[in-house]
Amino acid sequence: MTTLAPTTILAAVLDAHGAQCGCAGACGKEHPSKRCPAGANKPVALHAAPYPPHATETANASAPLAELRPWCGPCWTRALKREAAAERRRAELDQAQLVLFDPAG
């Protein structure tokens, strides 16, 4: 018997990782058993997105299939907000450290 390959990226991700949100706490919420129950206990819309999320939409959209996991909407939104905040902190730290290397300062 021949098995057909999944027909969509989401189908491939669900086939590889199951039909449950795979945020594993990246959203900042403490999930029971370290995994979001969305999709396990009740039907919920899931989409494929990188784990961990990237700071830009371009990086998220161009992530390779191997990085993709199923995400529920609420976890993905929270994870994106956390990554954006972390990126802002990194940029602020980089900016603050420029003074250390300024020969005129």
# chains A, B, ... in the order shown; residues from 1 in each chain; ligands from 1

call {"tool": "select_by_dssp", "arguments": {"residues": "chain A", "states": "helix (DSSP H, G or I)", "output": "ChimeraX atom specification"}}
result
/A:9-17,32-34,57-61,65-67,73-101

call {"tool": "select_by_dssp", "arguments": {"residues": "chain A", "states": "strand (DSSP E or B)", "output": "ChimeraX atom specification"}}
result
/A:46-50,68-72

call {"tool": "write_last_selection", "arguments": {"atoms": "all heavy atoms", "output": "CSV table (one decimal), in the first residue's frame"}}
result
chain,number,residue,atom,x,y,z
A,46,LEU,N,-5.7,25.4,14.1
A,46,LEU,CA,-4.3,25.5,14.3
A,46,LEU,C,-3.6,26.0,13.0
A,46,LEU,O,-4.2,25.8,11.9
A,46,LEU,CB,-3.7,24.1,14.6
A,46,LEU,CG,-4.2,23.5,15.9
A,46,LEU,CD1,-3.7,22.0,16.0
A,46,LEU,CD2,-3.7,24.3,17.1
A,47,HIS,N,-2.5,26.6,13.1
A,47,HIS,CA,-1.8,27.0,11.9
A,47,HIS,C,-0.3,26.6,12.1
A,47,HIS,O,0.1,26.4,13.2
A,47,HIS,CB,-1.9,28.5,11.5
A,47,HIS,CG,-1.5,29.4,12.6
A,47,HIS,ND1,-2.2,29.8,13.7
A,47,HIS,CD2,-0.3,30.0,12.7
A,47,HIS,CE1,-1.5,30.6,14.4
A,47,HIS,NE2,-0.4,30.8,13.9
A,48,ALA,N,0.4,26.5,11.0
A,48,ALA,CA,1.8,26.2,11.1
A,48,ALA,C,2.7,27.4,11.1
A,48,ALA,O,2.5,28.4,10.3
A,48,ALA,CB,2.2,25.4,9.8
A,49,ALA,N,3.6,27.5,12.1
A,49,ALA,CA,4.5,28.6,12.3
A,49,ALA,C,5.8,28.1,13.0
A,49,ALA,O,5.8,27.0,13.6
A,49,ALA,CB,3.8,29.7,13.1
A,50,PRO,N,6.8,28.9,12.9
A,50,PRO,CA,8.1,28.4,13.4
A,50,PRO,C,8.1,28.4,14.9
A,50,PRO,O,7.5,29.2,15.6
A,50,PRO,CB,9.1,29.4,12.9
A,50,PRO,CG,8.3,30.6,12.6
A,50,PRO,CD,7.0,30.2,12.2
A,68,LEU,N,8.7,24.4,11.6
A,68,LEU,CA,7.3,24.6,11.8
A,68,LEU,C,6.7,23.7,12.8
A,68,LEU,O,7.0,22.5,12.9
A,68,LEU,CB,6.6,24.6,10.5
A,68,LEU,CG,7.0,25.5,9.4
A,68,LEU,CD1,6.2,25.4,8.2
A,68,LEU,CD2,7.1,27.0,9.9
A,69,ARG,N,5.8,24.2,13.6
A,69,ARG,CA,5.0,23.5,14.6
A,69,ARG,C,3.6,24.0,14.5
A,69,ARG,O,3.3,25.1,14.1
A,69,ARG,CB,5.5,23.7,16.0
A,69,ARG,CG,7.0,23.4,16.3
A,69,ARG,CD,7.2,21.9,16.2
A,69,ARG,NE,8.6,21.5,16.5
A,69,ARG,CZ,9.6,21.4,15.6
A,69,ARG,NH1,9.3,21.7,14.3
A,69,ARG,NH2,10.8,21.1,15.9
A,70,PRO,N,2.6,23.2,15.0
A,70,PRO,CA,1.3,23.7,15.0
A,70,PRO,C,1.1,24.7,16.2
A,70,PRO,O,1.7,24.4,17.3
A,70,PRO,CB,0.4,22.4,15.3
A,70,PRO,CG,1.4,21.4,15.8
A,70,PRO,CD,2.7,21.8,15.4
A,71,TRP,N,0.4,25.7,16.0
A,71,TRP,CA,0.1,26.8,17.0
A,71,TRP,C,-1.3,27.1,17.0
A,71,TRP,O,-2.0,27.2,15.9
A,71,TRP,CB,0.9,28.1,16.6
A,71,TRP,CG,2.3,28.1,16.8
A,71,TRP,CD1,3.3,27.6,16.0
A,71,TRP,CD2,3.1,28.6,17.9
A,71,TRP,NE1,4.5,27.8,16.5
A,71,TRP,CE2,4.4,28.4,17.7
A,71,TRP,CE3,2.7,29.2,19.1
A,71,TRP,CZ2,5.4,28.8,18.5
A,71,TRP,CZ3,3.7,29.6,20.0
A,71,TRP,CH2,5.0,29.4,19.7
A,72,CYS,N,-1.9,27.3,18.2
A,72,CYS,CA,-3.3,27.9,18.3
A,72,CYS,C,-3.1,29.4,18.2
A,72,CYS,O,-2.0,30.0,18.5
A,72,CYS,CB,-4.0,27.5,19.5
A,72,CYS,SG,-3.3,28.1,21.1

call {"tool": "residues_around", "arguments": {"residues": "Leu65 of chain A", "least_positions_apart": "5", "cutoff": "12 Å", "atoms": "only C-alpha atoms", "output": "PyMOL selection string"}}
result
chain A and resi 8-14+16-17+48-51+60+70

call {"tool": "write_last_selection", "arguments": {"atoms": "all heavy atoms", "output": "compact mmCIF listing (two decimals), in the first residue's frame"}}
result
# COMPACT_ATOMS: atom_id res chain seq x y z
N THR A 8 -0.69 19.77 2.10
CA THR A 8 -0.41 21.16 2.47
C THR A 8 0.69 21.20 3.51
O THR A 8 1.01 20.18 4.14
CB THR A 8 -1.66 21.85 3.06
OG1 THR A 8 -1.99 21.21 4.30
CG2 THR A 8 -2.84 21.81 2.11
N ILE A 9 1.26 22.36 3.70
CA ILE A 9 2.27 22.52 4.74
C ILE A 9 1.66 22.23 6.10
O ILE A 9 2.25 21.54 6.92
CB ILE A 9 2.89 23.93 4.68
CG1 ILE A 9 3.72 24.07 3.41
CG2 ILE A 9 3.72 24.23 5.92
CD1 ILE A 9 4.24 25.45 3.13
N LEU A 10 0.46 22.75 6.35
CA LEU A 10 -0.20 22.49 7.64
C LEU A 10 -0.41 21.00 7.84
O LEU A 10 -0.15 20.47 8.92
CB LEU A 10 -1.53 23.24 7.74
CG LEU A 10 -2.31 23.00 9.03
CD1 LEU A 10 -1.49 23.39 10.25
CD2 LEU A 10 -3.63 23.75 9.00
N ALA A 11 -0.84 20.30 6.81
CA ALA A 11 -1.05 18.85 6.92
C ALA A 11 0.26 18.14 7.26
O ALA A 11 0.29 17.23 8.08
CB ALA A 11 -1.65 18.30 5.64
N ALA A 12 1.35 18.57 6.65
CA ALA A 12 2.66 17.97 6.94
C ALA A 12 3.08 18.23 8.38
O ALA A 12 3.59 17.35 9.06
CB ALA A 12 3.71 18.51 5.98
N VAL A 13 2.83 19.45 8.87
CA VAL A 13 3.18 19.81 10.25
C VAL A 13 2.32 19.02 11.23
O VAL A 13 2.83 18.48 12.22
CB VAL A 13 3.05 21.33 10.46
CG1 VAL A 13 3.14 21.70 11.93
CG2 VAL A 13 4.11 22.07 9.67
N LEU A 14 1.04 18.93 10.96
CA LEU A 14 0.14 18.17 11.84
C LEU A 14 0.50 16.68 11.83
O LEU A 14 0.45 16.00 12.86
CB LEU A 14 -1.31 18.38 11.45
CG LEU A 14 -1.86 19.80 11.65
CD1 LEU A 14 -3.29 19.89 11.14
CD2 LEU A 14 -1.77 20.23 13.09
N ALA A 16 3.47 15.46 11.36
CA ALA A 16 4.74 15.28 12.07
C ALA A 16 4.63 15.52 13.58
O ALA A 16 5.32 14.88 14.36
CB ALA A 16 5.80 16.21 11.48
N HIS A 17 3.76 16.47 13.98
CA HIS A 17 3.75 16.90 15.38
C HIS A 17 2.43 16.68 16.10
O HIS A 17 2.33 16.99 17.29
CB HIS A 17 4.14 18.38 15.47
CG HIS A 17 5.50 18.65 14.92
ND1 HIS A 17 6.65 18.33 15.59
CD2 HIS A 17 5.88 19.18 13.74
CE1 HIS A 17 7.70 18.67 14.85
NE2 HIS A 17 7.25 19.18 13.72
N ALA A 48 0.44 26.53 11.02
CA ALA A 48 1.85 26.17 11.07
C ALA A 48 2.69 27.43 11.15
O ALA A 48 2.52 28.35 10.35
CB ALA A 48 2.22 25.36 9.83
N ALA A 49 3.59 27.46 12.11
CA ALA A 49 4.48 28.61 12.29
C ALA A 49 5.76 28.11 12.96
O ALA A 49 5.77 27.05 13.57
CB ALA A 49 3.80 29.68 13.13
N PRO A 50 6.83 28.89 12.87
CA PRO A 50 8.10 28.42 13.42
C PRO A 50 8.11 28.37 14.94
O PRO A 50 7.45 29.16 15.61
CB PRO A 50 9.12 29.43 12.91
CG PRO A 50 8.34 30.64 12.57
CD PRO A 50 6.97 30.18 12.20
N TYR A 51 8.87 27.41 15.44
CA TYR A 51 9.14 27.34 16.87
C TYR A 51 10.64 27.32 17.05
O TYR A 51 11.30 26.45 16.50
CB TYR A 51 8.56 26.07 17.50
CG TYR A 51 8.83 26.03 18.98
CD1 TYR A 51 7.96 26.65 19.86
CD2 TYR A 51 9.96 25.43 19.50
CE1 TYR A 51 8.21 26.65 21.22
CE2 TYR A 51 10.21 25.43 20.84
CZ TYR A 51 9.33 26.04 21.70
OH TYR A 51 9.60 26.05 23.04
N ASN A 60 9.47 34.74 9.88
CA ASN A 60 8.45 33.73 10.20
C ASN A 60 7.89 33.10 8.94
O ASN A 60 7.70 31.89 8.87
CB ASN A 60 7.33 34.34 11.04
CG ASN A 60 7.76 34.58 12.47
OD1 ASN A 60 8.45 33.78 13.07
ND2 ASN A 60 7.35 35.72 13.02
N PRO A 70 2.63 23.17 15.00
CA PRO A 70 1.25 23.67 15.04
C PRO A 70 1.10 24.66 16.20
O PRO A 70 1.66 24.45 17.29
CB PRO A 70 0.42 22.40 15.29
CG PRO A 70 1.36 21.37 15.79
CD PRO A 70 2.74 21.77 15.39

call {"tool": "residues_around", "arguments": {"residues": "Trp76 of chain A", "least_positions_apart": "3", "cutoff": "9 Å", "atoms": "only C-alpha atoms", "output": "PyMOL selection string"}}
result
chain A and resi 23+26-27+49+53+71-73+79-81

call {"tool": "atom_distance", "arguments": {"atom1": "atom CA of Leu100 of chain A", "atom2": "atom CA of Glu87 of chain A"}}
result
20.7 Å

call {"tool": "closest_residue", "arguments": {"among": "A:Thr58, A:Thr7, A:Thr77, A:Asn41", "to": "Lys29 of chain A", "atoms": "only C-alpha atoms"}}
result
A:Thr77

call {"tool": "closest_residue", "arguments": {"among": "A:Asp102, A:Ala61, A:Ala55, A:Ala45", "to": "Arg89 of chain A", "atoms": "only C-alpha atoms"}}
result
A:Ala55

call {"tool": "closest_residue", "arguments": {"among": "A:Phe101, A:Pro64, A:Thr56, A:Asp15", "to": "Ala85 of chain A", "atoms": "only C-alpha atoms"}}
result
A:Thr56
